[in-house]
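For reference, the structure is listed below as structure tokens.
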Amino acid sequence: MDRQAFLKKWTPSPLTLILLGLIAYLWFRPPADVSEENRPAPPWQVTLPDGRALDSDSLRGKVVLVNFWATWCPYCRKEKPVIDRFWRDYRERGFEVVSISVDDPPEKIAVWMRDKEYAFMAAPTNASVAHAFGSVKSVPTSFIVDTEGRIRHKIAGQVHYPRLEKLVTPLLNPATQPGNR
């Protein structure tokens, strides 16, 4: 086969190039944008899939990751094991997770969480959550709330374990830090 015939046979179509570019962008997407917020969070409440009510007042004294997600979101699926591992590592030091689904009903959330064996709290969104955290335009988006109920950081994009360590551990109660027990 001559060179011209080979190149013609192996030249990708423009659609193939666009799809490859999109896959590369989505896979190697830029890191999440972290902003300093330091503002009070208005009171909020969610109903967990088992019917229990959870409100922001019950979480006072803990550092809370409020994570907005969707089951169809590939980045949300990729960050959930990281969030679960971080939660398991730090929950006894005063860290909690409330994962807020932007579009799934309680039944689907419960099944999804159970199938993935995640034990942190998850609930559907509602008006009080939207009021407290503002309009979440894309998922995943997370907020770190300090022990006094102030939103300290907003993470627009996927969270990673080292980023959580950097943002969460300084906010944890010093009495729960290693060596202070």
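FYI, nothing fancy with the structure tokens labels: chains A, B, ... in order, residues from 1 per chain, ligands from 1 as they appear.
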
task = Mind checking which residues fall within 6 Å of Pro49 of chain A, counting only C-alpha atoms, ignoring those fewer than 2 positions away in the same chain, and posting them as JSON, numbers by chain?
result = {"A": [51, 106, 110]}

Would you mind exporting the chosen residues as a compact mmCIF listing (two decimals), in the first residue's frame, restricted to N, CA, C and O atoms?
```
# COMPACT_ATOMS: atom_id res chain seq x y z
N GLY A 51 -36.65 9.14 55.75
CA GLY A 51 -37.72 9.96 56.32
C GLY A 51 -37.28 10.87 57.46
O GLY A 51 -38.04 11.74 57.89
N PRO A 106 -35.88 10.51 46.61
CA PRO A 106 -35.29 9.80 47.76
C PRO A 106 -35.07 8.31 47.51
O PRO A 106 -34.04 7.76 47.91
N ALA A 110 -31.43 6.46 47.81
CA ALA A 110 -31.20 5.38 48.78
C ALA A 110 -30.63 4.14 48.11
O ALA A 110 -29.66 3.54 48.60
```

What residues in chain A get the DSSP label alpha helix (DSSP H)? Please answer as a PyMOL selection string. chain A and resi 3-10+14-27+74-90+106-116+127-133+161-168

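Interatomic distance, atom CA of Ala32 of chain A to atom CA of Asp84 of chain A: 18.4 Å.
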
Of the candidates A:Pro170, A:Leu164, A:Asp33, A:Ala127, which one gets nearest to Phe86 of chain A if we count only C-alpha atoms?
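Using only C-alpha atoms, the shortest distance to Phe86 of chain A belongs to A:Leu164.
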
Task: Ser56 of chain A environment, 6 Å, only C-alpha atoms, sequence neighbours closer than 3 positions dropped, as JSON, numbers by chain - done: {"A": [43, 44, 59]}

Can I get the selection written as an mmCIF file, in the first residue's frame, with N, CA and C atoms?
```
data_model
loop_
_atom_site.group_PDB
_atom_site.id
_atom_site.type_symbol
_atom_site.label_atom_id
_atom_site.label_comp_id
_atom_site.auth_asym_id
_atom_site.auth_seq_id
_atom_site.Cartn_x
_atom_site.Cartn_y
_atom_site.Cartn_z
ATOM 1 N N PRO A 43 -30.219 28.995 57.756
ATOM 2 C CA PRO A 43 -30.683 27.663 58.171
ATOM 3 C C PRO A 43 -31.238 26.879 56.975
ATOM 4 N N TRP A 44 -31.004 25.586 56.983
ATOM 5 C CA TRP A 44 -31.527 24.716 55.930
ATOM 6 C C TRP A 44 -31.903 23.385 56.540
ATOM 7 N N LEU A 59 -25.972 20.042 62.928
ATOM 8 C CA LEU A 59 -24.598 19.820 62.482
ATOM 9 C C LEU A 59 -23.611 20.820 63.086
#
```

Give the strand (DSSP E) residues of segment 59-151 of chain A, as DSSP finds them on the backbone, and put them as a PyMOL selection string. chain A and resi 63-69+95-101+121-124+141-145+150-151

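Closest to Arg150 of chain A among A:Arg88, A:Lys116, A:Arg52, A:Lys62 is A:Lys62, based on only C-alpha atoms.
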
Among A:Val64, A:Val98, A:Ala41, A:Val46, Ala132 of chain A is approached most closely, using only C-alpha atoms, by A:Ala41

Taking only C-alpha atoms into account, which of A:Met121, A:Ile83, A:Phe133, A:Ser101 comes nearest Pro162 of chain A?
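Checking each of A:Met121, A:Ile83, A:Phe133, A:Ser101 against Pro162 of chain A, counting only C-alpha atoms, the winner is A:Ile83.
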